[in-house]
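Report on the structure given below.
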Amino acid sequence: MKLSFFGIALLGLVELASASPLINKRDSTSEVAPTGYATLNGGTSGGAGGTVTTVTTLAALKSAVSGDSKKIVIVSGTITGNEAVSVGSNTSVLGKNADAALSGVGLRVNGKNNVIIRNLKISKVLAAAGDAIGIQKAKNVWIDHNDLSSDMTHDKDFYDGLLDVTHGSDFITISYNKIHDHFKASLVGHSDDNGSEDKGHLTVTYKHNYFLNLNSRGPSFRFGTGHLFNNYYSNVSDGINTRQGAQLLVQNNVFESSKKPLYSTDGGFAVATGNDFGGAANTATAGTLTSVPYTFSLGQTSTTKAQVVANAGNKLSF
């Protein structure tokens with residue numbers, strides 16, 4: 001997206017004005033994805049207009065999110081377990097408030113379309129169960145205002161990823177999530193050998209996410225096309241890794257205490273503008289992605305940290 005100097009200044013003022021905390025902000029259960037790749041291909045509305053069900057147990061959650069009819073599922077309290085729950089198409093899974101949590105329970109969007117997951121605290125999903133949130137062979141998914149974590153006291157393979165997008169998924173927006181305390185945080189494209197399925201796909205936007213206390217994958221991005229803007233990284237050793245021909249547009253992100261904030265391996269590319277790498281080096285090979293096919297508001301680099309820290313995570317209520 002090309003912006004005039006006046007447009008950039010105006011958008012920066014808008015972001016600055018909106019940097020106040022949104023803790024316990026009341027939101028609509030019918031909100032649709034407002035920006036990023038999830039706005040394309042008809043947009044992402046989840047279960048808007050469908051039935052509304054509140055769940056408090058694992059069995060009730062599994063039943064409520066199954067099937068492809070329009071539905072809004074509100075999680076109340078803490079649900080515990082050791083498995084991944086499959087989410088059907090045309091579904092919104094929403095945490096009722098800051099107390100809504102899944103402990104040891106992941107969410108899987110596999111071969112489904114038009115899904116929204118917001119305002120959940122998901123933690124300590126064991127590797128045997130899979131990712132905290134896993135998106136495979138899916139289209140139009142919006143992941144917003146979640147708190148995703150494990151711990152770094154176990155071996156790096158004790159848990160799987162916190163938020164992985166794989167198997168040719170498209171039209172994904174990941175916004176205002178707090179992703180923290182984990183070895184291998186977020187992966188786009190699961191294997192160097194999966195180019196036949198992934199090339200021409202894996203279109204993902206990361207915006208206003210808070211990456212904190214991570215070893216790597218912020219994200220690791222293979223094959224696809226990614227737009228990463230106004231994210232804040234604190235104590236993330238290996239940040240954005242562009243790989244296997246991926247083309248990334250990386251704008252106005254802020255890094256503190258990162259060894260490798262942006263780098264290439266195996267022929268990945270990035271165009272980087274306006275970033276604060278915290279004194280570390282951008283070593284990514286220059287790419288060709290200079291615009292994206294949707295409108296967006298690019299916040300000022302100087303206000304990104306405050307904006308993200310104040311607002312990222314499970315700070316909504318429904």
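Just so we're on the same page: first chain in the structure tokens is A, next is B, and so on; residues restart at 1 for each chain, and ligands are numbered from 1 in the order they show up.
By only C-alpha atoms, and with residues fewer than 3 positions from A:Asp181 along its chain excluded, the set lying at most 9 Å from it is Leu148, Ser149, Ser150, Asp151, Met152, Ala185, Phe211, Leu212, Asn213, Leu214 and Asn215 of chain A.
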Would you export the selected residues with all heavy atoms as a PDB file, in the first residue's frame, please?
ATOM      1  N   LEU A 148      -1.276 -16.558  24.378  1.00  0.00           N
ATOM      2  CA  LEU A 148      -0.799 -17.897  24.051  1.00  0.00           C
ATOM      3  C   LEU A 148       0.568 -18.109  24.698  1.00  0.00           C
ATOM      4  O   LEU A 148       1.497 -17.325  24.468  1.00  0.00           O
ATOM      5  CB  LEU A 148      -0.689 -18.070  22.535  1.00  0.00           C
ATOM      6  CG  LEU A 148      -1.936 -17.699  21.710  1.00  0.00           C
ATOM      7  CD1 LEU A 148      -1.635 -17.829  20.221  1.00  0.00           C
ATOM      8  CD2 LEU A 148      -3.122 -18.565  22.097  1.00  0.00           C
ATOM      9  N   SER A 149       0.718 -19.187  25.484  1.00  0.00           N
ATOM     10  CA  SER A 149       1.993 -19.392  26.169  1.00  0.00           C
ATOM     11  C   SER A 149       2.166 -20.855  26.569  1.00  0.00           C
ATOM     12  O   SER A 149       1.239 -21.660  26.508  1.00  0.00           O
ATOM     13  CB  SER A 149       2.062 -18.519  27.426  1.00  0.00           C
ATOM     14  OG  SER A 149       1.171 -18.995  28.428  1.00  0.00           O
ATOM     15  N   SER A 150       3.379 -21.179  27.014  1.00  0.00           N
ATOM     16  CA  SER A 150       3.652 -22.453  27.684  1.00  0.00           C
ATOM     17  C   SER A 150       4.615 -22.147  28.829  1.00  0.00           C
ATOM     18  O   SER A 150       4.264 -21.446  29.769  1.00  0.00           O
ATOM     19  CB  SER A 150       4.216 -23.479  26.708  1.00  0.00           C
ATOM     20  OG  SER A 150       5.463 -23.058  26.197  1.00  0.00           O
ATOM     21  N   ASP A 151       5.841 -22.657  28.744  1.00  0.00           N
ATOM     22  CA  ASP A 151       6.920 -22.291  29.654  1.00  0.00           C
ATOM     23  C   ASP A 151       8.228 -22.678  28.984  1.00  0.00           C
ATOM     24  O   ASP A 151       8.235 -23.342  27.946  1.00  0.00           O
ATOM     25  CB  ASP A 151       6.776 -22.972  31.024  1.00  0.00           C
ATOM     26  CG  ASP A 151       6.807 -24.494  30.938  1.00  0.00           C
ATOM     27  OD1 ASP A 151       7.786 -25.042  30.389  1.00  0.00           O
ATOM     28  OD2 ASP A 151       5.845 -25.130  31.403  1.00  0.00           O
ATOM     29  N   MET A 152       9.334 -22.250  29.547  1.00  0.00           N
ATOM     30  CA  MET A 152      10.640 -22.580  28.988  1.00  0.00           C
ATOM     31  C   MET A 152      11.481 -23.377  29.979  1.00  0.00           C
ATOM     32  O   MET A 152      12.704 -23.394  29.903  1.00  0.00           O
ATOM     33  CB  MET A 152      11.342 -21.306  28.531  1.00  0.00           C
ATOM     34  CG  MET A 152      10.550 -20.560  27.461  1.00  0.00           C
ATOM     35  SD  MET A 152      11.325 -19.068  26.822  1.00  0.00           S
ATOM     36  CE  MET A 152      12.616 -19.778  25.792  1.00  0.00           C
ATOM     37  N   ALA A 185       7.616 -20.342  18.638  1.00  0.00           N
ATOM     38  CA  ALA A 185       6.347 -19.631  18.804  1.00  0.00           C
ATOM     39  C   ALA A 185       5.366 -19.812  17.653  1.00  0.00           C
ATOM     40  O   ALA A 185       4.278 -20.351  17.822  1.00  0.00           O
ATOM     41  CB  ALA A 185       6.615 -18.145  19.031  1.00  0.00           C
ATOM     42  N   PHE A 211       5.239 -10.159  21.100  1.00  0.00           N
ATOM     43  CA  PHE A 211       6.077 -11.347  21.189  1.00  0.00           C
ATOM     44  C   PHE A 211       7.049 -11.153  22.354  1.00  0.00           C
ATOM     45  O   PHE A 211       7.879 -10.246  22.326  1.00  0.00           O
ATOM     46  CB  PHE A 211       6.863 -11.547  19.894  1.00  0.00           C
ATOM     47  CG  PHE A 211       6.013 -11.850  18.679  1.00  0.00           C
ATOM     48  CD1 PHE A 211       5.526 -10.835  17.871  1.00  0.00           C
ATOM     49  CD2 PHE A 211       5.713 -13.158  18.337  1.00  0.00           C
ATOM     50  CE1 PHE A 211       4.759 -11.112  16.744  1.00  0.00           C
ATOM     51  CE2 PHE A 211       4.953 -13.448  17.212  1.00  0.00           C
ATOM     52  CZ  PHE A 211       4.473 -12.425  16.424  1.00  0.00           C
ATOM     53  N   LEU A 212       6.958 -12.024  23.365  1.00  0.00           N
ATOM     54  CA  LEU A 212       7.697 -11.804  24.603  1.00  0.00           C
ATOM     55  C   LEU A 212       8.344 -13.098  25.092  1.00  0.00           C
ATOM     56  O   LEU A 212       7.681 -14.145  25.166  1.00  0.00           O
ATOM     57  CB  LEU A 212       6.727 -11.272  25.675  1.00  0.00           C
ATOM     58  CG  LEU A 212       7.262 -11.119  27.097  1.00  0.00           C
ATOM     59  CD1 LEU A 212       8.339 -10.038  27.170  1.00  0.00           C
ATOM     60  CD2 LEU A 212       6.112 -10.793  28.064  1.00  0.00           C
ATOM     61  N   ASN A 213       9.623 -13.034  25.416  1.00  0.00           N
ATOM     62  CA  ASN A 213      10.348 -14.171  26.014  1.00  0.00           C
ATOM     63  C   ASN A 213      10.225 -15.430  25.150  1.00  0.00           C
ATOM     64  O   ASN A 213       9.695 -16.460  25.580  1.00  0.00           O
ATOM     65  CB  ASN A 213       9.847 -14.454  27.433  1.00  0.00           C
ATOM     66  CG  ASN A 213      10.086 -13.313  28.386  1.00  0.00           C
ATOM     67  OD1 ASN A 213      11.000 -12.514  28.200  1.00  0.00           O
ATOM     68  ND2 ASN A 213       9.253 -13.217  29.410  1.00  0.00           N
ATOM     69  N   LEU A 214      10.761 -15.346  23.958  1.00  0.00           N
ATOM     70  CA  LEU A 214      10.683 -16.447  23.005  1.00  0.00           C
ATOM     71  C   LEU A 214      12.081 -16.786  22.507  1.00  0.00           C
ATOM     72  O   LEU A 214      12.932 -15.907  22.357  1.00  0.00           O
ATOM     73  CB  LEU A 214       9.793 -16.082  21.824  1.00  0.00           C
ATOM     74  CG  LEU A 214       8.349 -15.695  22.131  1.00  0.00           C
ATOM     75  CD1 LEU A 214       7.667 -15.121  20.899  1.00  0.00           C
ATOM     76  CD2 LEU A 214       7.566 -16.902  22.659  1.00  0.00           C
ATOM     77  N   ASN A 215      12.271 -18.068  22.181  1.00  0.00           N
ATOM     78  CA  ASN A 215      13.550 -18.459  21.601  1.00  0.00           C
ATOM     79  C   ASN A 215      13.587 -18.214  20.092  1.00  0.00           C
ATOM     80  O   ASN A 215      14.585 -17.718  19.569  1.00  0.00           O
ATOM     81  CB  ASN A 215      13.822 -19.931  21.893  1.00  0.00           C
ATOM     82  CG  ASN A 215      15.167 -20.384  21.363  1.00  0.00           C
ATOM     83  OD1 ASN A 215      16.213 -19.937  21.823  1.00  0.00           O
ATOM     84  ND2 ASN A 215      15.157 -21.265  20.371  1.00  0.00           N
TER      85      ASN A 215
END
Extract, using only C-alpha atoms, all DNA, RNA and protein residues at most 9 Å from A:Ser28, discarding same-chain residues fewer than 3 positions from it, and format them as a ChimeraX atom specification. /A:31,317-318
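Residue nearest A:Phe171 within the list A:Gly245, A:Gly279, A:Gly224, A:Gly81: A:Gly224 [criterion: smallest interatomic distance, only C-alpha atoms].
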Show me, as a PyMOL selection string, the residues that have an atom within 6 Å of A:Phe229 when counting only C-alpha atoms, minus same-chain residues fewer than 2 positions from it. chain A and resi 207+231+250-253
Produce a file of the selected residues containing N, CA and C atoms, as an mmCIF file, in the first residue's frame.
data_model
loop_
_atom_site.group_PDB
_atom_site.id
_atom_site.type_symbol
_atom_site.label_atom_id
_atom_site.label_comp_id
_atom_site.auth_asym_id
_atom_site.auth_seq_id
_atom_site.Cartn_x
_atom_site.Cartn_y
_atom_site.Cartn_z
ATOM 1 N N LYS A 207 -0.220 -8.284 12.830
ATOM 2 C CA LYS A 207 -0.227 -6.871 13.201
ATOM 3 C C LYS A 207 -0.484 -6.695 14.699
ATOM 4 N N ASN A 231 4.296 -4.738 15.148
ATOM 5 C CA ASN A 231 4.438 -5.738 16.203
ATOM 6 C C ASN A 231 5.571 -5.323 17.142
ATOM 7 N N VAL A 250 7.787 -6.020 5.915
ATOM 8 C CA VAL A 250 7.992 -5.874 7.356
ATOM 9 C C VAL A 250 8.096 -4.386 7.671
ATOM 10 N N GLN A 251 7.091 -3.843 8.376
ATOM 11 C CA GLN A 251 6.978 -2.402 8.529
ATOM 12 C C GLN A 251 6.752 -1.980 9.985
ATOM 13 N N ASN A 252 7.554 -1.034 10.442
ATOM 14 C CA ASN A 252 7.336 -0.316 11.699
ATOM 15 C C ASN A 252 7.173 -1.235 12.909
ATOM 16 N N ASN A 253 7.966 -2.299 12.933
ATOM 17 C CA ASN A 253 8.006 -3.170 14.093
ATOM 18 C C ASN A 253 9.119 -2.713 15.042
#
Cut-off 12 Å: closest stretch 188-241 of chain A/stretch 269-276 of chain A atom pairs per residue, using only C-alpha atoms, as a Markdown table:
| residue | atom | partner | partner_atom | distance |
| --- | --- | --- | --- | --- |
| A:Phe221 | CA | A:Phe269 | CA | 9.9 |
| A:Arg222 | CA | A:Phe269 | CA | 10.0 |
| A:Phe223 | CA | A:Phe269 | CA | 9.8 |
| A:Gly224 | CA | A:Phe269 | CA | 10.4 |
| A:Thr225 | CA | A:Ala270 | CA | 9.8 |
| A:Gly226 | CA | A:Ala270 | CA | 9.1 |
| A:His227 | CA | A:Ala270 | CA | 9.6 |
| A:Leu228 | CA | A:Ala272 | CA | 9.6 |
| A:Phe229 | CA | A:Asn275 | CA | 8.9 |
| A:Asn230 | CA | A:Asn275 | CA | 8.6 |
| A:Asn231 | CA | A:Asn275 | CA | 9.7 |
| A:Tyr232 | CA | A:Asp276 | CA | 9.7 |
| A:Tyr233 | CA | A:Asp276 | CA | 10.1 |
| A:Ser234 | CA | A:Asp276 | CA | 11.9 |
| A:Ile240 | CA | A:Ala270 | CA | 9.7 |
| A:Asn241 | CA | A:Phe269 | CA | 9.2 |
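Residues in contact with A:His201 at up to 7 Å, not including ones fewer than 6 positions away on its chain and judged by only C-alpha atoms, are Gly168, Ser169, Asp170 and Gly224 of chain A.
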Just want the 12 Å neighbourhood of stretch 46-56 of chain A, counted on only C-alpha atoms, with same-chain residues fewer than 5 positions away dropped. Output as a VMD selection string. chain A and resid 28 to 33 38 to 39 61 to 65 67 to 80 87 to 96 99 to 102 112 to 118 139 to 143 318
Expected file: the selected residues, N, CA and C atoms, as a compact mmCIF listing (two decimals), in the first residue's frame:
# COMPACT_ATOMS: atom_id res chain seq x y z
N SER A 28 -18.25 -6.65 20.28
CA SER A 28 -19.41 -7.29 19.68
C SER A 28 -19.09 -8.73 19.30
N THR A 29 -20.01 -9.64 19.59
CA THR A 29 -19.82 -11.04 19.20
C THR A 29 -19.89 -11.22 17.69
N SER A 30 -20.39 -10.20 16.99
CA SER A 30 -20.55 -10.30 15.54
C SER A 30 -19.50 -9.51 14.77
N GLU A 31 -18.45 -9.04 15.44
CA GLU A 31 -17.42 -8.27 14.75
C GLU A 31 -16.71 -9.14 13.71
N VAL A 32 -16.42 -8.55 12.56
CA VAL A 32 -15.73 -9.26 11.48
C VAL A 32 -14.29 -8.79 11.42
N ALA A 33 -13.45 -9.54 10.75
CA ALA A 33 -12.05 -9.15 10.61
C ALA A 33 -11.94 -7.79 9.93
N ALA A 38 -7.30 -11.51 5.98
CA ALA A 38 -8.61 -12.11 6.31
C ALA A 38 -9.77 -11.28 5.78
N THR A 39 -9.52 -10.06 5.31
CA THR A 39 -10.60 -9.26 4.72
C THR A 39 -10.84 -9.61 3.26
N LEU A 61 -17.66 -27.69 24.84
CA LEU A 61 -16.90 -26.96 23.83
C LEU A 61 -16.78 -27.77 22.55
N LYS A 62 -16.42 -29.03 22.66
CA LYS A 62 -16.25 -29.88 21.49
C LYS A 62 -17.55 -30.00 20.70
N SER A 63 -18.65 -30.13 21.40
CA SER A 63 -19.94 -30.24 20.73
C SER A 63 -20.34 -28.93 20.06
N ALA A 64 -20.12 -27.81 20.77
CA ALA A 64 -20.60 -26.51 20.29
C ALA A 64 -19.86 -26.03 19.04
N VAL A 65 -18.57 -26.35 18.92
CA VAL A 65 -17.80 -25.83 17.79
C VAL A 65 -17.82 -26.76 16.58
N GLY A 67 -19.32 -28.96 13.32
CA GLY A 67 -20.26 -28.65 12.25
C GLY A 67 -19.95 -27.32 11.60
N ASP A 68 -20.58 -27.07 10.46
CA ASP A 68 -20.26 -25.89 9.66
C ASP A 68 -21.36 -24.84 9.60
N SER A 69 -22.40 -25.01 10.39
CA SER A 69 -23.44 -23.98 10.45
C SER A 69 -22.92 -22.76 11.22
N LYS A 70 -23.52 -21.59 10.99
CA LYS A 70 -23.10 -20.37 11.67
C LYS A 70 -23.35 -20.50 13.17
N LYS A 71 -22.31 -20.16 13.95
CA LYS A 71 -22.45 -20.27 15.40
C LYS A 71 -21.39 -19.44 16.11
N ILE A 72 -21.79 -18.91 17.26
CA ILE A 72 -20.90 -18.17 18.14
C ILE A 72 -20.81 -18.95 19.44
N VAL A 73 -19.61 -19.32 19.83
CA VAL A 73 -19.38 -20.11 21.04
C VAL A 73 -18.58 -19.28 22.01
N ILE A 74 -19.14 -19.03 23.18
CA ILE A 74 -18.50 -18.21 24.20
C ILE A 74 -17.97 -19.12 25.31
N VAL A 75 -16.67 -19.03 25.57
CA VAL A 75 -16.04 -19.83 26.61
C VAL A 75 -16.07 -19.05 27.91
N SER A 76 -16.59 -19.66 28.97
CA SER A 76 -16.67 -19.03 30.28
C SER A 76 -15.85 -19.84 31.27
N GLY A 77 -14.95 -19.20 32.01
CA GLY A 77 -14.12 -19.90 32.98
C GLY A 77 -12.99 -20.68 32.33
N THR A 78 -12.40 -21.58 33.09
CA THR A 78 -11.25 -22.37 32.61
C THR A 78 -11.69 -23.78 32.24
N ILE A 79 -11.30 -24.19 31.05
CA ILE A 79 -11.54 -25.55 30.58
C ILE A 79 -10.19 -26.26 30.48
N THR A 80 -10.07 -27.42 31.08
CA THR A 80 -8.80 -28.14 31.09
C THR A 80 -8.92 -29.45 30.32
N VAL A 87 -12.46 -27.19 15.16
CA VAL A 87 -13.44 -26.11 15.00
C VAL A 87 -14.00 -26.15 13.59
N GLY A 88 -15.32 -26.12 13.46
CA GLY A 88 -15.96 -26.14 12.15
C GLY A 88 -15.94 -24.79 11.46
N SER A 89 -16.35 -24.78 10.21
CA SER A 89 -16.45 -23.53 9.45
C SER A 89 -17.54 -22.64 10.02
N ASN A 90 -17.46 -21.34 9.68
CA ASN A 90 -18.48 -20.36 10.05
C ASN A 90 -18.69 -20.31 11.56
N THR A 91 -17.57 -20.26 12.29
CA THR A 91 -17.60 -20.33 13.75
C THR A 91 -16.79 -19.20 14.35
N SER A 92 -17.33 -18.60 15.41
CA SER A 92 -16.57 -17.67 16.26
C SER A 92 -16.43 -18.31 17.63
N VAL A 93 -15.19 -18.45 18.10
CA VAL A 93 -14.91 -18.95 19.44
C VAL A 93 -14.35 -17.78 20.24
N LEU A 94 -15.08 -17.35 21.27
CA LEU A 94 -14.77 -16.12 21.98
C LEU A 94 -14.65 -16.37 23.47
N GLY A 95 -13.63 -15.81 24.10
CA GLY A 95 -13.54 -15.86 25.54
C GLY A 95 -14.44 -14.80 26.15
N LYS A 96 -15.26 -15.18 27.12
CA LYS A 96 -16.24 -14.27 27.69
C LYS A 96 -15.59 -13.03 28.29
N ASP A 99 -11.08 -14.11 32.27
CA ASP A 99 -11.00 -15.38 32.98
C ASP A 99 -11.21 -16.59 32.07
N ALA A 100 -11.53 -16.36 30.81
CA ALA A 100 -11.78 -17.47 29.88
C ALA A 100 -10.45 -18.09 29.44
N ALA A 101 -10.29 -19.38 29.69
CA ALA A 101 -8.99 -20.01 29.43
C ALA A 101 -9.16 -21.46 29.00
N LEU A 102 -8.21 -21.90 28.18
CA LEU A 102 -8.07 -23.31 27.82
C LEU A 102 -6.70 -23.75 28.32
N LYS A 112 -11.15 -26.10 7.16
CA LYS A 112 -12.36 -25.32 7.39
C LYS A 112 -12.13 -23.86 7.00
N ASN A 113 -13.23 -23.13 6.85
CA ASN A 113 -13.16 -21.74 6.39
C ASN A 113 -14.02 -20.84 7.27
N ASN A 114 -13.64 -19.56 7.29
CA ASN A 114 -14.42 -18.53 7.96
C ASN A 114 -14.54 -18.79 9.46
N VAL A 115 -13.40 -18.67 10.14
CA VAL A 115 -13.33 -18.95 11.58
C VAL A 115 -12.68 -17.76 12.29
N ILE A 116 -13.24 -17.41 13.45
CA ILE A 116 -12.70 -16.35 14.30
C ILE A 116 -12.42 -16.93 15.68
N ILE A 117 -11.23 -16.67 16.21
CA ILE A 117 -10.86 -17.07 17.57
C ILE A 117 -10.33 -15.83 18.28
N ARG A 118 -11.03 -15.42 19.37
CA ARG A 118 -10.68 -14.16 20.03
C ARG A 118 -10.76 -14.30 21.56
N LYS A 139 -9.09 -21.42 5.06
CA LYS A 139 -9.17 -20.09 4.45
C LYS A 139 -9.99 -19.18 5.35
N ASN A 140 -9.59 -17.92 5.36
CA ASN A 140 -10.31 -16.87 6.08
C ASN A 140 -10.43 -17.18 7.56
N VAL A 141 -9.33 -16.94 8.27
CA VAL A 141 -9.27 -17.15 9.71
C VAL A 141 -8.71 -15.88 10.36
N TRP A 142 -9.38 -15.42 11.41
CA TRP A 142 -8.94 -14.25 12.16
C TRP A 142 -8.64 -14.67 13.60
N ILE A 143 -7.37 -14.51 14.02
CA ILE A 143 -6.92 -14.84 15.37
C ILE A 143 -6.58 -13.52 16.07
N PHE A 318 -17.24 -10.12 26.30
CA PHE A 318 -18.39 -10.30 25.42
C PHE A 318 -19.63 -10.60 26.26
